[in-house]
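Contents: one structure, followed by commentary.
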Amino acid sequence: MNETNVGLRIRRLRESRNLTQEYVAARLKIGATAYGNIERGDVKRLTLARWMDIAEVLEVHYSEIFGEWDAPYSRPQQPPTQDLAVLAEYFRKDKILLYELLKNYKEIFSKLEQMLQGSNKAMQQMMQMQLDLQQQLLELRR
(Lines give C-alpha, C1' and ligand atoms only; values in the text may rest on other atoms or scores of the structure.)
Protein backbone atom coordinates (compact mmCIF):
# COMPACT_ATOMS: atom_id res chain seq x y z
CA MET A 1 0.00 0.00 0.00
CA ASN A 2 1.25 3.45 -0.86
CA GLU A 3 1.93 5.68 2.18
CA THR A 4 0.58 8.70 0.27
CA ASN A 5 -2.80 6.96 -0.11
CA VAL A 6 -2.84 6.16 3.59
CA GLY A 7 -1.93 9.76 4.39
CA LEU A 8 -4.73 10.96 2.11
CA ARG A 9 -7.18 8.64 3.87
CA ILE A 10 -6.08 9.95 7.23
CA ARG A 11 -6.48 13.54 6.02
CA ARG A 12 -9.99 12.85 4.70
CA LEU A 13 -10.98 11.13 7.94
CA ARG A 14 -9.64 14.10 9.92
CA GLU A 15 -11.39 16.64 7.71
CA SER A 16 -14.68 14.72 7.84
CA ARG A 17 -14.59 15.25 11.61
CA ASN A 18 -13.71 18.95 11.30
CA LEU A 19 -10.48 18.41 13.21
CA THR A 20 -7.37 20.49 12.64
CA GLN A 21 -3.94 19.03 12.10
CA GLU A 22 -2.83 20.87 15.23
CA TYR A 23 -5.55 19.20 17.31
CA VAL A 24 -4.71 15.70 16.07
CA ALA A 25 -0.99 16.36 16.51
CA ALA A 26 -1.56 17.54 20.08
CA ARG A 27 -3.61 14.42 20.88
CA LEU A 28 -0.79 12.30 19.43
CA LYS A 29 1.78 14.35 21.39
CA ILE A 30 3.74 15.23 18.26
CA GLY A 31 4.32 18.49 16.41
CA ALA A 32 1.92 19.74 13.75
CA THR A 33 4.70 19.51 11.14
CA ALA A 34 5.36 15.87 12.01
CA TYR A 35 1.65 15.12 11.74
CA GLY A 36 1.45 16.98 8.41
CA ASN A 37 4.27 14.76 7.16
CA ILE A 38 2.17 11.69 8.01
CA GLU A 39 -0.77 13.02 5.99
CA ARG A 40 1.52 13.86 3.05
CA GLY A 41 3.14 10.42 3.18
CA ASP A 42 6.55 11.98 3.88
CA VAL A 43 7.23 9.58 6.74
CA LYS A 44 9.43 6.62 5.95
CA ARG A 45 8.11 4.34 8.68
CA LEU A 46 5.43 4.45 11.36
CA THR A 47 4.85 1.88 14.05
CA LEU A 48 1.61 -0.03 14.27
CA ALA A 49 1.08 1.61 17.66
CA ARG A 50 1.20 5.05 16.00
CA TRP A 51 -1.36 3.93 13.37
CA MET A 52 -3.58 2.68 16.18
CA ASP A 53 -3.18 6.00 18.02
CA ILE A 54 -4.18 7.91 14.89
CA ALA A 55 -7.24 5.70 14.42
CA GLU A 56 -8.21 6.24 18.06
CA VAL A 57 -7.98 10.04 17.75
CA LEU A 58 -10.02 9.92 14.52
CA GLU A 59 -12.50 7.56 16.19
CA VAL A 60 -12.26 4.84 13.58
CA HIS A 61 -11.17 1.25 13.60
CA TYR A 62 -7.54 1.09 12.45
CA SER A 63 -8.57 -1.10 9.50
CA GLU A 64 -10.40 1.90 7.99
CA ILE A 65 -7.06 3.61 7.48
CA PHE A 66 -5.77 0.70 5.40
CA GLY A 67 -8.94 -0.69 3.82
CA GLU A 68 -10.90 0.33 0.75
CA TRP A 69 -12.11 3.84 1.14
CA ASP A 70 -13.89 5.71 -1.60
CA ALA A 71 -16.22 8.12 0.16
CA PRO A 72 -15.63 10.30 3.19
CA TYR A 73 -16.30 8.42 6.38
CA SER A 74 -19.39 9.53 8.22
CA ARG A 75 -20.06 8.68 11.82
CA PRO A 76 -23.10 6.54 12.47
CA GLN A 77 -25.93 8.33 14.23
CA GLN A 78 -25.93 5.81 17.08
CA PRO A 79 -22.46 4.88 18.29
CA PRO A 80 -21.82 1.15 18.34
CA THR A 81 -21.98 -0.52 21.74
CA GLN A 82 -18.28 -1.32 21.49
CA ASP A 83 -17.46 2.40 21.25
CA LEU A 84 -19.59 3.09 24.32
CA ALA A 85 -17.74 0.37 26.19
CA VAL A 86 -14.41 1.93 25.23
CA LEU A 87 -15.60 5.35 26.40
CA ALA A 88 -16.88 3.85 29.63
CA GLU A 89 -13.47 2.27 30.22
CA TYR A 90 -11.71 5.62 29.64
CA PHE A 91 -14.09 7.36 32.03
CA ARG A 92 -13.58 4.60 34.59
CA LYS A 93 -9.81 5.04 34.36
CA ASP A 94 -10.20 8.82 34.63
CA LYS A 95 -12.40 8.39 37.69
CA ILE A 96 -9.80 6.14 39.32
CA LEU A 97 -7.02 8.64 38.56
CA LEU A 98 -9.07 11.53 39.93
CA TYR A 99 -9.85 9.53 43.07
CA GLU A 100 -6.13 8.81 43.58
CA LEU A 101 -5.26 12.48 43.05
CA LEU A 102 -7.88 13.60 45.54
CA LYS A 103 -6.68 11.02 48.04
CA ASN A 104 -3.10 12.28 47.66
CA TYR A 105 -4.21 15.91 48.01
CA LYS A 106 -6.16 15.04 51.15
CA GLU A 107 -3.07 13.40 52.62
CA ILE A 108 -0.89 16.40 51.72
CA PHE A 109 -3.36 18.87 53.22
CA SER A 110 -3.66 16.74 56.35
CA LYS A 111 0.12 16.81 56.80
CA LEU A 112 0.19 20.57 56.15
CA GLU A 113 -2.52 21.08 58.76
CA GLN A 114 -0.50 19.05 61.28
CA MET A 115 2.58 21.12 60.49
CA LEU A 116 0.63 24.36 60.93
CA GLN A 117 -0.78 23.17 64.25
CA GLY A 118 2.73 22.29 65.41
CA SER A 119 3.97 25.66 64.27
CA ASN A 120 1.12 27.42 66.10
CA LYS A 121 1.91 25.52 69.31
CA ALA A 122 5.58 26.46 69.03
CA MET A 123 4.68 30.13 68.51
CA GLN A 124 2.31 30.06 71.50
CA GLN A 125 5.05 28.54 73.65
CA MET A 126 7.52 31.20 72.49
CA MET A 127 5.02 33.95 73.24
CA GLN A 128 4.36 32.49 76.69
CA MET A 129 8.10 32.27 77.35
CA GLN A 130 8.49 35.89 76.25
CA LEU A 131 5.66 37.00 78.60
CA ASP A 132 7.20 35.01 81.48
CA LEU A 133 10.58 36.60 80.78
CA GLN A 134 9.05 40.09 80.74
CA GLN A 135 7.30 39.41 84.05
CA GLN A 136 10.55 38.23 85.60
CA LEU A 137 12.32 41.37 84.35
CA LEU A 138 9.57 43.55 85.83
CA GLU A 139 9.86 41.77 89.18
CA LEU A 140 13.65 42.21 89.20
CA ARG A 141 13.27 45.95 88.56
CA ARG A 142 10.96 46.43 91.56
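The way I read the labels, and the way they are meant: chains A, B, ... in the order of the C-alpha coordinates, residue 1 as the first residue of every chain, and ligand 1 as the first ligand shown, with later ones counted on from there.
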
Name the residues of chain A that come out as helix (DSSP H, G or I) in a backbone DSSP run; write them as a ChimeraX atom specification.
/A:3-16,21-28,32-40,48-58,63-66,81-141

Taking into account only C-alpha atoms, which residue in the set A:Glu139, A:Asp94, A:Arg50, A:Val6 is nearest to Ile30 of chain A?
A:Arg50

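One distance worth recording is that between atom CA of Ala26 of chain A and atom CA of Gly41 of chain A, which is 18.9 Å.
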
Which residues are near Arg11 of chain A? Cut-off 9 Å, only C-alpha atoms, ignore same chain within fewer than 2 positions. Put them as a list in words.
Val6, Gly7, Leu8, Arg9, Leu13, Arg14, Glu15, Ser16, Gln21, Gly36, Glu39 and Arg40 of chain A

If you keep N, CA and C atoms, can you produce a file of those selected residues as a PDB file, in the first residue's frame?
ATOM      1  N   VAL A   6      -2.469   6.272   2.187  1.00  0.00           N
ATOM      2  CA  VAL A   6      -2.835   6.161   3.588  1.00  0.00           C
ATOM      3  C   VAL A   6      -2.905   7.560   4.198  1.00  0.00           C
ATOM      4  N   GLY A   7      -1.922   8.390   3.887  1.00  0.00           N
ATOM      5  CA  GLY A   7      -1.925   9.763   4.388  1.00  0.00           C
ATOM      6  C   GLY A   7      -3.158  10.521   3.917  1.00  0.00           C
ATOM      7  N   LEU A   8      -3.539  10.315   2.652  1.00  0.00           N
ATOM      8  CA  LEU A   8      -4.729  10.963   2.109  1.00  0.00           C
ATOM      9  C   LEU A   8      -5.987  10.473   2.833  1.00  0.00           C
ATOM     10  N   ARG A   9      -6.039   9.181   3.120  1.00  0.00           N
ATOM     11  CA  ARG A   9      -7.184   8.643   3.866  1.00  0.00           C
ATOM     12  C   ARG A   9      -7.266   9.256   5.253  1.00  0.00           C
ATOM     13  N   LEU A  13     -10.300  11.496   6.689  1.00  0.00           N
ATOM     14  CA  LEU A  13     -10.976  11.135   7.942  1.00  0.00           C
ATOM     15  C   LEU A  13     -10.936  12.313   8.917  1.00  0.00           C
ATOM     16  N   ARG A  14      -9.781  12.947   9.012  1.00  0.00           N
ATOM     17  CA  ARG A  14      -9.637  14.095   9.920  1.00  0.00           C
ATOM     18  C   ARG A  14     -10.557  15.229   9.502  1.00  0.00           C
ATOM     19  N   GLU A  15     -10.559  15.541   8.206  1.00  0.00           N
ATOM     20  CA  GLU A  15     -11.387  16.635   7.708  1.00  0.00           C
ATOM     21  C   GLU A  15     -12.873  16.336   7.858  1.00  0.00           C
ATOM     22  N   SER A  16     -13.261  15.075   7.704  1.00  0.00           N
ATOM     23  CA  SER A  16     -14.678  14.722   7.838  1.00  0.00           C
ATOM     24  C   SER A  16     -15.175  14.927   9.275  1.00  0.00           C
ATOM     25  N   GLN A  21      -5.172  19.794  11.963  1.00  0.00           N
ATOM     26  CA  GLN A  21      -3.938  19.033  12.100  1.00  0.00           C
ATOM     27  C   GLN A  21      -3.317  19.286  13.469  1.00  0.00           C
ATOM     28  N   GLY A  36       1.650  16.636   9.814  1.00  0.00           N
ATOM     29  CA  GLY A  36       1.451  16.984   8.405  1.00  0.00           C
ATOM     30  C   GLY A  36       2.248  16.060   7.491  1.00  0.00           C
ATOM     31  N   GLU A  39       0.315  12.876   6.962  1.00  0.00           N
ATOM     32  CA  GLU A  39      -0.774  13.019   5.991  1.00  0.00           C
ATOM     33  C   GLU A  39      -0.241  13.132   4.558  1.00  0.00           C
ATOM     34  N   ARG A  40       0.935  13.719   4.398  1.00  0.00           N
ATOM     35  CA  ARG A  40       1.515  13.856   3.052  1.00  0.00           C
ATOM     36  C   ARG A  40       2.251  12.596   2.606  1.00  0.00           C
TER      37      ARG A  40
END

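Put simply, atom CA of Lys106 of chain A is 28.5 Å away from atom CA of Gln125 of chain A.
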
Show which residues sit within 9 Å of Arg27 of chain A, as a PyMOL selection string. Count only C-alpha atoms, and ignore same-chain residues fewer than 3 positions away.
chain A and resi 22-24+30+53-54+57

Counting only C-alpha atoms, which of A:Leu48, A:Met129, A:Ala32, A:Leu58 gets nearest to Asn18 of chain A?
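Looking only at the distances to Asn18 of chain A, the closest residue turns out to be A:Leu58.
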
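We find atom CA of Asn37 of chain A and atom CA of Ser63 of chain A to be spaced 20.5 Å apart.
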
Find the residue from A:Leu97, A:Arg17, A:Asp42, A:Glu107 that sits nearest to Val60 of chain A; use only C-alpha atoms when measuring.
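Residue with the minimum atom-to-atom distance to Val60 of chain A: A:Arg17.
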